[in-house]
file model.cif (mmCIF, C-alpha atoms)
data_start
loop_
_atom_site.group_PDB
_atom_site.id
_atom_site.type_symbol
_atom_site.label_atom_id
_atom_site.label_comp_id
_atom_site.auth_asym_id
_atom_site.auth_seq_id
_atom_site.Cartn_x
_atom_site.Cartn_y
_atom_site.Cartn_z
ATOM 1 C CA MET A 61 -21.374 -6.324 -26.017
ATOM 2 C CA PRO A 62 -21.229 -5.403 -22.296
ATOM 3 C CA THR A 63 -17.793 -5.029 -20.790
ATOM 4 C CA ALA A 64 -16.759 -6.949 -17.703
ATOM 5 C CA VAL A 65 -16.836 -5.145 -14.379
ATOM 6 C CA PRO A 66 -13.247 -4.488 -13.253
ATOM 7 C CA LYS A 67 -12.303 -6.399 -10.091
ATOM 8 C CA ILE A 68 -9.793 -4.554 -7.915
ATOM 9 C CA VAL A 69 -8.275 -5.706 -4.625
ATOM 10 C CA ILE A 70 -7.328 -2.953 -2.179
ATOM 11 C CA THR A 71 -5.083 -4.061 0.687
ATOM 12 C CA GLY A 72 -5.630 -1.819 3.673
ATOM 13 C CA GLY A 73 -9.150 -1.347 2.324
ATOM 14 C CA ASN A 74 -10.433 -0.257 5.744
ATOM 15 C CA GLY A 75 -7.773 2.446 6.148
ATOM 16 C CA VAL A 76 -7.985 6.118 5.200
ATOM 17 C CA LEU A 77 -6.333 5.798 1.783
ATOM 18 C CA GLY A 78 -8.092 2.521 1.007
ATOM 19 C CA GLN A 79 -11.480 4.048 1.792
ATOM 20 C CA ARG A 80 -10.827 7.151 -0.316
ATOM 21 C CA LEU A 81 -9.769 5.089 -3.306
ATOM 22 C CA ALA A 82 -12.764 2.780 -2.808
ATOM 23 C CA GLN A 83 -15.160 5.736 -2.877
ATOM 24 C CA HIS A 84 -13.656 6.878 -6.167
ATOM 25 C CA LEU A 85 -13.707 3.413 -7.790
ATOM 26 C CA LEU A 86 -17.246 2.558 -6.656
ATOM 27 C CA LEU A 87 -18.514 5.487 -8.691
ATOM 28 C CA ARG A 88 -16.772 3.951 -11.714
ATOM 29 C CA LYS A 89 -18.653 0.642 -11.581
ATOM 30 C CA CYS A 90 -15.822 -1.458 -10.151
ATOM 31 C CA HIS A 91 -16.174 -4.507 -7.914
ATOM 32 C CA LEU A 92 -13.822 -4.002 -4.980
ATOM 33 C CA ILE A 93 -12.289 -6.484 -2.588
ATOM 34 C CA LEU A 94 -11.416 -4.556 0.580
ATOM 35 C CA LEU A 95 -8.749 -6.801 2.078
ATOM 36 C CA ASP A 96 -7.697 -5.962 5.614
ATOM 37 C CA ASP A 97 -7.087 -7.428 9.073
ATOM 38 C CA TYR A 98 -10.591 -6.717 10.346
ATOM 39 C CA ASP A 99 -10.420 -9.316 13.125
ATOM 40 C CA GLY A 100 -7.074 -8.099 14.502
ATOM 41 C CA PHE A 101 -5.997 -4.553 13.694
ATOM 42 C CA HIS A 102 -9.513 -3.161 13.198
ATOM 43 C CA LYS A 103 -11.121 -5.110 16.080
ATOM 44 C CA GLY A 104 -14.116 -6.167 13.964
ATOM 45 C CA MET A 105 -14.902 -2.744 12.498
ATOM 46 C CA LYS A 106 -15.732 -2.741 8.774
ATOM 47 C CA ARG A 107 -16.287 0.640 7.136
ATOM 48 C CA ASP A 108 -18.721 1.207 4.293
ATOM 49 C CA PRO A 109 -16.888 3.194 1.598
ATOM 50 C CA SER A 110 -20.041 4.009 -0.413
ATOM 51 C CA PRO A 111 -20.131 7.788 -0.887
ATOM 52 C CA GLU A 112 -23.885 7.549 -1.566
ATOM 53 C CA SER A 113 -26.628 5.084 -0.734
ATOM 54 C CA THR A 114 -26.730 3.929 -4.363
ATOM 55 C CA VAL A 115 -23.494 3.542 -6.307
ATOM 56 C CA PRO A 116 -22.883 1.701 -9.561
ATOM 57 C CA GLY A 117 -20.022 -0.365 -8.099
ATOM 58 C CA SER A 118 -19.968 -3.072 -5.452
ATOM 59 C CA PHE A 119 -17.605 -4.158 -2.694
ATOM 60 C CA GLU A 120 -16.953 -6.918 -0.216
ATOM 61 C CA HIS A 121 -14.819 -7.105 2.902
ATOM 62 C CA VAL A 122 -12.265 -9.926 3.042
ATOM 63 C CA GLN A 123 -10.397 -10.785 6.246
ATOM 64 C CA GLY A 124 -6.684 -11.355 5.880
ATOM 65 C CA ASP A 125 -3.598 -11.122 8.034
ATOM 66 C CA LEU A 126 -1.160 -10.350 5.225
ATOM 67 C CA CYS A 127 1.824 -11.193 7.449
ATOM 68 C CA SER A 128 0.800 -14.837 7.157
ATOM 69 C CA TRP A 129 0.090 -16.763 3.985
ATOM 70 C CA GLY A 130 -3.561 -17.807 4.120
ATOM 71 C CA ASP A 131 -6.790 -18.104 2.183
ATOM 72 C CA TRP A 132 -6.850 -14.337 1.657
ATOM 73 C CA PHE A 133 -4.686 -14.810 -1.460
ATOM 74 C CA LEU A 134 -7.661 -16.493 -3.194
ATOM 75 C CA CYS A 135 -9.366 -13.099 -3.609
ATOM 76 C CA PHE A 136 -6.540 -12.120 -5.996
ATOM 77 C CA GLU A 137 -7.755 -14.732 -8.519
ATOM 78 C CA GLY A 138 -9.432 -13.042 -11.486
ATOM 79 C CA SER A 139 -8.478 -9.556 -10.297
ATOM 80 C CA ASP A 140 -7.583 -6.918 -12.839
ATOM 81 C CA ALA A 141 -5.488 -4.965 -10.347
ATOM 82 C CA VAL A 142 -4.199 -4.948 -6.779
ATOM 83 C CA VAL A 143 -3.568 -1.697 -4.926
ATOM 84 C CA HIS A 144 -1.324 -2.259 -1.912
ATOM 85 C CA PHE A 145 -1.709 0.220 0.969
ATOM 86 C CA SER A 146 -1.328 -2.148 3.954
ATOM 87 C CA ALA A 147 1.435 -1.776 6.517
ATOM 88 C CA VAL A 148 1.791 -3.164 10.011
ATOM 89 C CA ASN A 149 2.303 0.351 11.354
ATOM 90 C CA PRO A 150 1.375 2.995 8.768
ATOM 91 C CA TYR A 151 3.185 5.803 10.584
ATOM 92 C CA PRO A 152 6.735 7.103 10.099
ATOM 93 C CA GLU A 153 7.719 6.317 13.697
ATOM 94 C CA ALA A 154 7.234 2.583 13.069
ATOM 95 C CA THR A 155 9.664 0.348 14.926
ATOM 96 C CA TRP A 156 12.159 -1.931 13.208
ATOM 97 C CA GLU A 157 9.942 -4.902 14.131
ATOM 98 C CA ASP A 158 6.971 -3.155 12.482
ATOM 99 C CA SER A 159 9.204 -2.608 9.473
ATOM 100 C CA ARG A 160 10.229 -6.264 9.269
ATOM 101 C CA LEU A 161 6.604 -7.393 9.396
ATOM 102 C CA SER A 162 5.576 -4.799 6.788
ATOM 103 C CA MET A 163 8.298 -6.173 4.492
ATOM 104 C CA ARG A 164 6.904 -9.689 4.952
ATOM 105 C CA MET A 165 3.396 -8.395 4.272
ATOM 106 C CA SER A 166 4.556 -6.698 1.066
ATOM 107 C CA ALA A 167 6.438 -9.796 -0.102
ATOM 108 C CA ASN A 168 3.258 -11.842 0.395
ATOM 109 C CA VAL A 169 1.167 -9.351 -1.596
ATOM 110 C CA VAL A 170 3.678 -9.248 -4.475
ATOM 111 C CA ALA A 171 3.874 -13.078 -4.504
ATOM 112 C CA ALA A 172 0.070 -13.432 -4.431
ATOM 113 C CA SER A 173 -0.209 -10.960 -7.327
ATOM 114 C CA GLN A 174 2.263 -12.960 -9.395
ATOM 115 C CA ARG A 175 0.683 -16.282 -8.474
ATOM 116 C CA ALA A 176 -2.807 -15.075 -9.474
ATOM 117 C CA GLY A 177 -1.614 -13.536 -12.738
ATOM 118 C CA VAL A 178 -2.816 -10.061 -11.770
ATOM 119 C CA ARG A 179 -2.243 -7.640 -14.643
ATOM 120 C CA ARG A 180 -1.425 -4.514 -12.628
ATOM 121 C CA LEU A 181 0.041 -3.981 -9.160
ATOM 122 C CA VAL A 182 -0.017 -0.478 -7.694
ATOM 123 C CA VAL A 183 1.976 0.004 -4.488
ATOM 124 C CA ALA A 184 2.018 2.927 -2.103
ATOM 125 C CA SER A 185 5.508 3.937 -1.100
ATOM 126 C CA SER A 186 6.326 7.094 0.847
ATOM 127 C CA SER A 187 7.919 10.490 0.399
ATOM 128 C CA HIS A 188 9.891 9.640 3.573
ATOM 129 C CA VAL A 189 12.154 7.518 1.346
ATOM 130 C CA LEU A 190 13.735 10.710 -0.015
ATOM 131 C CA GLY A 191 12.823 13.002 2.865
ATOM 132 C CA GLY A 192 16.463 13.778 3.557
ATOM 133 C CA TYR A 193 16.799 15.651 0.276
ATOM 134 C CA LEU A 194 13.962 17.979 1.158
ATOM 135 C CA GLN A 195 15.115 18.550 4.736
ATOM 136 C CA ASP A 196 18.650 19.278 3.574
ATOM 137 C CA GLY A 197 17.310 21.985 1.271
ATOM 138 C CA SER A 198 17.973 20.131 -1.966
ATOM 139 C CA GLN A 199 17.647 22.323 -5.003
ATOM 140 C CA LYS A 200 16.695 19.311 -7.138
ATOM 141 C CA PRO A 201 13.265 19.796 -8.701
ATOM 142 C CA ALA A 202 10.740 17.067 -7.884
ATOM 143 C CA PRO A 203 11.022 15.307 -11.292
ATOM 144 C CA GLU A 204 14.730 14.707 -10.599
ATOM 145 C CA LEU A 205 13.974 12.819 -7.361
ATOM 146 C CA GLN A 206 13.229 9.539 -9.087
ATOM 147 C CA PRO A 207 13.591 5.823 -8.291
ATOM 148 C CA GLY A 208 17.259 5.895 -9.310
ATOM 149 C CA THR A 209 18.091 8.809 -7.008
ATOM 150 C CA PRO A 210 20.628 7.560 -4.434
ATOM 151 C CA LEU A 211 19.294 7.353 -0.913
ATOM 152 C CA ARG A 212 20.835 9.589 1.738
ATOM 153 C CA HIS A 213 18.949 9.489 4.965
ATOM 154 C CA PHE A 214 15.264 9.300 5.629
ATOM 155 C CA THR A 215 12.990 11.996 7.011
ATOM 156 C CA ARG A 216 13.936 13.205 10.498
ATOM 157 C CA PHE A 217 11.373 14.808 12.757
ATOM 158 C CA ARG A 218 10.977 16.195 16.258
ATOM 159 C CA LEU A 219 7.984 15.974 18.478
ATOM 160 C CA PRO A 220 7.815 17.506 21.968
ATOM 161 C CA GLY A 221 10.318 15.509 24.002
ATOM 162 C CA PHE A 222 10.932 13.054 21.181
ATOM 163 C CA GLU A 223 13.302 13.089 18.224
ATOM 164 C CA THR A 224 13.448 10.311 15.668
ATOM 165 C CA ASP A 225 13.593 9.543 11.992
ATOM 166 C CA ALA A 226 11.537 7.421 9.630
ATOM 167 C CA SER A 227 14.265 4.824 9.032
ATOM 168 C CA GLY A 228 12.225 1.718 9.864
ATOM 169 C CA TYR A 229 9.132 2.859 8.002
ATOM 170 C CA ALA A 230 11.067 4.171 4.994
ATOM 171 C CA SER A 231 13.215 1.016 4.802
ATOM 172 C CA ALA A 232 10.058 -1.095 4.502
ATOM 173 C CA LYS A 233 8.890 1.177 1.686
ATOM 174 C CA VAL A 234 12.253 0.945 -0.134
ATOM 175 C CA ALA A 235 12.054 -2.862 0.166
ATOM 176 C CA LEU A 236 8.522 -2.755 -1.272
ATOM 177 C CA GLU A 237 9.723 -0.671 -4.215
ATOM 178 C CA GLU A 238 12.558 -3.098 -4.946
ATOM 179 C CA MET A 239 10.335 -6.209 -4.628
ATOM 180 C CA THR A 240 7.844 -4.641 -7.008
ATOM 181 C CA ARG A 241 10.525 -3.743 -9.564
ATOM 182 C CA SER A 242 11.945 -7.278 -9.443
ATOM 183 C CA ALA A 243 8.510 -8.850 -9.857
ATOM 184 C CA ALA A 244 7.757 -6.616 -12.834
ATOM 185 C CA MET A 245 11.024 -7.516 -14.533
ATOM 186 C CA ALA A 246 10.798 -11.248 -13.762
ATOM 187 C CA SER A 247 7.155 -11.880 -14.610
ATOM 188 C CA GLY A 248 5.991 -9.066 -16.834
ATOM 189 C CA LEU A 249 3.657 -7.820 -14.114
ATOM 190 C CA SER A 250 2.651 -4.236 -14.882
ATOM 191 C CA ALA A 251 3.626 -2.280 -11.780
ATOM 192 C CA VAL A 252 3.238 1.282 -10.571
ATOM 193 C CA ILE A 253 5.030 2.675 -7.519
ATOM 194 C CA VAL A 254 3.570 5.846 -6.024
ATOM 195 C CA ARG A 255 5.474 7.794 -3.373
ATOM 196 C CA ILE A 256 2.731 9.355 -1.291
#

call {"tool": "encode", "arguments": {"input": "model.cif", "output": "structure tokens"}}
result
Amino acid sequence: MPTAVPKIVITGGNGVLGQRLAQHLLLRKCHLILLDDYDGFHKGMKRDPSPESTVPGSFEHVQGDLCSWGDWFLCFEGSDAVVHFSAVNPYPEATWEDSRLSMRMSANVVAASQRAGVRRLVVASSSHVLGGYLQDGSQKPAPELQPGTPLRHFTRFRLPGFETDASGYASAKVALEEMTRSAAMASGLSAVIVRI
């Protein structure tokens, strides 16, 4: 009996991480929904993630502004998994307004996953959440820096003529982690949080 082709939604499917994951999954006979704001953020550009001209998997581009609830959530129906990479500003120097909108985006993705009955939600957090431990010279080995590790401060960095920290960006990622944990506990959604 043939097995069903896994259907996986990748938010931020046109971004660097989304494209790399898509290349990997296409070789494993998956059907991918590359959900992104092609009309806005990407100005109409749609990348082809196929690593070769012929791959066993398939993909489609789906337009969606994840900051607003819209028809994009329909692509979650029948999905085996959702991988959430999208952010309004995917860089650590994101403003607090970028952060607020990224939190809204994440809340919409978590809600759409629950509503569609998605089995697994994988979310990309950030090492900037615990960056302060590393910059302060923490002697804690990596396995001890876990979700329950108390937050201190987020990653600080200096660029020529510019000093800042990743507070806005990291706060949005902490909020994403907490939303995901709550959804998993409340609905039985299988969730994975990866600090990249």

call {"tool": "closest_residue", "arguments": {"input": "model.cif", "among": "A:Ala226, A:Ala235, A:Cys90, A:Val189", "to": "Leu211 (chain A)", "atoms": "all atoms listed in the file"}}
result
A:Val189

call {"tool": "atom_distance", "arguments": {"input": "model.cif", "atom1": "CA of Thr240 (chain A)", "atom2": "CA of Lys67 (chain A)"}}
result
20.5 Å

call {"tool": "resolve_selection", "arguments": {"input": "model.cif", "expression": "the PyMOL selection byres ((chain A and resi 120-124) around 9)", "output": "ChimeraX atom specification"}}
result
/A:73-74,91-99,106-107,118-119,125-133,135

call {"tool": "write_last_selection", "arguments": {"input": "model.cif", "atoms": "C-alpha atoms", "output": "PDB file, keeping the file's coordinate frame"}}
result
ATOM      1  CA  GLY A  73      -9.150  -1.347   2.324  1.00  0.00           C
ATOM      2  CA  ASN A  74     -10.433  -0.257   5.744  1.00  0.00           C
ATOM      3  CA  HIS A  91     -16.174  -4.507  -7.914  1.00  0.00           C
ATOM      4  CA  LEU A  92     -13.822  -4.002  -4.980  1.00  0.00           C
ATOM      5  CA  ILE A  93     -12.289  -6.484  -2.588  1.00  0.00           C
ATOM      6  CA  LEU A  94     -11.416  -4.556   0.580  1.00  0.00           C
ATOM      7  CA  LEU A  95      -8.749  -6.801   2.078  1.00  0.00           C
ATOM      8  CA  ASP A  96      -7.697  -5.962   5.614  1.00  0.00           C
ATOM      9  CA  ASP A  97      -7.087  -7.428   9.073  1.00  0.00           C
ATOM     10  CA  TYR A  98     -10.591  -6.717  10.346  1.00  0.00           C
ATOM     11  CA  ASP A  99     -10.420  -9.316  13.125  1.00  0.00           C
ATOM     12  CA  LYS A 106     -15.732  -2.741   8.774  1.00  0.00           C
ATOM     13  CA  ARG A 107     -16.287   0.640   7.136  1.00  0.00           C
ATOM     14  CA  SER A 118     -19.968  -3.072  -5.452  1.00  0.00           C
ATOM     15  CA  PHE A 119     -17.605  -4.158  -2.694  1.00  0.00           C
ATOM     16  CA  ASP A 125      -3.598 -11.122   8.034  1.00  0.00           C
ATOM     17  CA  LEU A 126      -1.160 -10.350   5.225  1.00  0.00           C
ATOM     18  CA  CYS A 127       1.824 -11.193   7.449  1.00  0.00           C
ATOM     19  CA  SER A 128       0.800 -14.837   7.157  1.00  0.00           C
ATOM     20  CA  TRP A 129       0.090 -16.763   3.985  1.00  0.00           C
ATOM     21  CA  GLY A 130      -3.561 -17.807   4.120  1.00  0.00           C
ATOM     22  CA  ASP A 131      -6.790 -18.104   2.183  1.00  0.00           C
ATOM     23  CA  TRP A 132      -6.850 -14.337   1.657  1.00  0.00           C
ATOM     24  CA  PHE A 133      -4.686 -14.810  -1.460  1.00  0.00           C
ATOM     25  CA  CYS A 135      -9.366 -13.099  -3.609  1.00  0.00           C
TER      26      CYS A 135
END

call {"tool": "resolve_selection", "arguments": {"input": "model.cif", "expression": "the PyMOL selection byres ((chain A and resi 143) around 9)", "output": "list in words"}}
result
Ile68, Val69, Ile70, Thr71, Gly72, Gly78, Ala141, Val142, His144, Phe145, Arg180, Leu181, Val182, Val183 and Ala184 of chain A

call {"tool": "resolve_selection", "arguments": {"input": "model.cif", "expression": "the PyMOL selection byres ((chain A and resi 175) around 12)", "output": "list in words"}}
result
Phe133, Leu134, Cys135, Phe136, Glu137, Gly138, Ser139, Asn168, Val169, Val170, Ala171, Ala172, Ser173, Gln174, Ala176, Gly177, Val178, Arg179, Ala243, Ser247 and Leu249 of chain A

call {"tool": "atom_distance", "arguments": {"input": "model.cif", "atom1": "CA of Ala82 (chain A)", "atom2": "CA of Lys103 (chain A)"}}
result
20.5 Å

call {"tool": "residues_around", "arguments": {"input": "model.cif", "residues": "Ala230 (chain A)", "least_positions_apart": "2", "cutoff": "8 Å", "atoms": "all atoms listed in the file", "output": "list in words"}}
result
Pro152, Ser186, His188, Val189, Phe214, Ala226, Ser227, Gly228, Ala232, Lys233 and Val234 of chain A

call {"tool": "atom_distance", "arguments": {"input": "model.cif", "atom1": "CA of Gly75 (chain A)", "atom2": "CA of Gly117 (chain A)"}}
result
19.0 Å

call {"tool": "closest_residue", "arguments": {"input": "model.cif", "among": "A:Ala244, A:Val254, A:Ala147, A:Val65", "to": "Pro116 (chain A)", "atoms": "all atoms listed in the file"}}
result
A:Val65

call {"tool": "closest_residue", "arguments": {"input": "model.cif", "among": "A:Asp108, A:Glu238, A:Asp158, A:Asp225", "to": "Ser146 (chain A)", "atoms": "all atoms listed in the file"}}
result
A:Asp158

call {"tool": "closest_residue", "arguments": {"input": "model.cif", "among": "A:Ser231, A:Glu112, A:Leu190, A:Pro220", "to": "Ser162 (chain A)", "atoms": "all atoms listed in the file"}}
result
A:Ser231

call {"tool": "closest_residue", "arguments": {"input": "model.cif", "among": "A:Arg218, A:Thr224, A:Ala251, A:Arg88", "to": "Ala154 (chain A)", "atoms": "only C-alpha atoms"}}
result
A:Thr224

call {"tool": "closest_residue", "arguments": {"input": "model.cif", "among": "A:Met239, A:Ala246, A:Arg80, A:Thr215", "to": "Glu153 (chain A)", "atoms": "only C-alpha atoms"}}
result
A:Thr215

call {"tool": "axis_aligned_box", "arguments": {"input": "model.cif", "around": "region 162-172 of chain A", "padding_each_side": "5 Å", "output": "JSON"}}
result
{"center_x": 4.2, "center_y": -9.1, "center_z": 1.1, "size_x": 18.2, "size_y": 18.6, "size_z": 21.3}

call {"tool": "build_atoms", "arguments": {"input": "model.cif", "residues": "region 111-126 of chain A", "atoms": "N, CA, C and O atoms", "output": "CSV table (one decimal), in the coordinates of the input"}}
result
chain,number,residue,atom,x,y,z
A,111,PRO,N,-19.9,6.4,-1.1
A,111,PRO,CA,-20.1,7.8,-0.9
A,111,PRO,C,-21.6,8.2,-0.9
A,111,PRO,O,-22.0,9.2,-0.5
A,112,GLU,N,-22.4,7.3,-1.5
A,112,GLU,CA,-23.9,7.5,-1.6
A,112,GLU,C,-24.6,6.2,-1.2
A,112,GLU,O,-24.0,5.2,-1.2
A,113,SER,N,-25.9,6.3,-1.0
A,113,SER,CA,-26.6,5.1,-0.7
A,113,SER,C,-26.7,4.2,-2.0
A,113,SER,O,-26.7,3.0,-1.8
A,114,THR,N,-26.7,4.7,-3.1
A,114,THR,CA,-26.7,3.9,-4.4
A,114,THR,C,-25.5,4.3,-5.2
A,114,THR,O,-25.4,5.4,-5.6
A,115,VAL,N,-24.7,3.3,-5.5
A,115,VAL,CA,-23.5,3.5,-6.3
A,115,VAL,C,-23.5,2.4,-7.4
A,115,VAL,O,-24.0,1.3,-7.1
A,116,PRO,N,-22.9,2.7,-8.5
A,116,PRO,CA,-22.9,1.7,-9.6
A,116,PRO,C,-21.9,0.5,-9.3
A,116,PRO,O,-22.1,-0.5,-9.8
A,117,GLY,N,-21.0,0.7,-8.4
A,117,GLY,CA,-20.0,-0.4,-8.1
A,117,GLY,C,-20.5,-1.2,-6.9
A,117,GLY,O,-21.5,-1.0,-6.3
A,118,SER,N,-19.7,-2.2,-6.6
A,118,SER,CA,-20.0,-3.1,-5.5
A,118,SER,C,-18.7,-3.4,-4.7
A,118,SER,O,-17.6,-3.2,-5.2
A,119,PHE,N,-18.8,-3.8,-3.5
A,119,PHE,CA,-17.6,-4.2,-2.7
A,119,PHE,C,-17.9,-5.3,-1.7
A,119,PHE,O,-19.1,-5.6,-1.4
A,120,GLU,N,-16.8,-5.9,-1.3
A,120,GLU,CA,-17.0,-6.9,-0.2
A,120,GLU,C,-15.7,-6.8,0.7
A,120,GLU,O,-14.6,-6.4,0.2
A,121,HIS,N,-15.9,-7.1,1.9
A,121,HIS,CA,-14.8,-7.1,2.9
A,121,HIS,C,-14.2,-8.5,3.0
A,121,HIS,O,-15.0,-9.5,3.0
A,122,VAL,N,-12.9,-8.6,2.9
A,122,VAL,CA,-12.3,-9.9,3.0
A,122,VAL,C,-11.2,-9.8,4.2
A,122,VAL,O,-10.4,-8.9,4.1
A,123,GLN,N,-11.3,-10.7,5.1
A,123,GLN,CA,-10.4,-10.8,6.2
A,123,GLN,C,-9.1,-11.4,5.8
A,123,GLN,O,-9.1,-12.4,5.1
A,124,GLY,N,-8.0,-10.8,6.2
A,124,GLY,CA,-6.7,-11.4,5.9
A,124,GLY,C,-5.6,-10.7,6.7
A,124,GLY,O,-5.5,-9.5,6.8
A,125,ASP,N,-4.8,-11.6,7.4
A,125,ASP,CA,-3.6,-11.1,8.0
A,125,ASP,C,-2.5,-11.3,7.0
A,125,ASP,O,-2.0,-12.4,6.8
A,126,LEU,N,-2.1,-10.3,6.3
A,126,LEU,CA,-1.2,-10.4,5.2
A,126,LEU,C,0.3,-10.7,5.7
A,126,LEU,O,1.1,-11.0,4.8
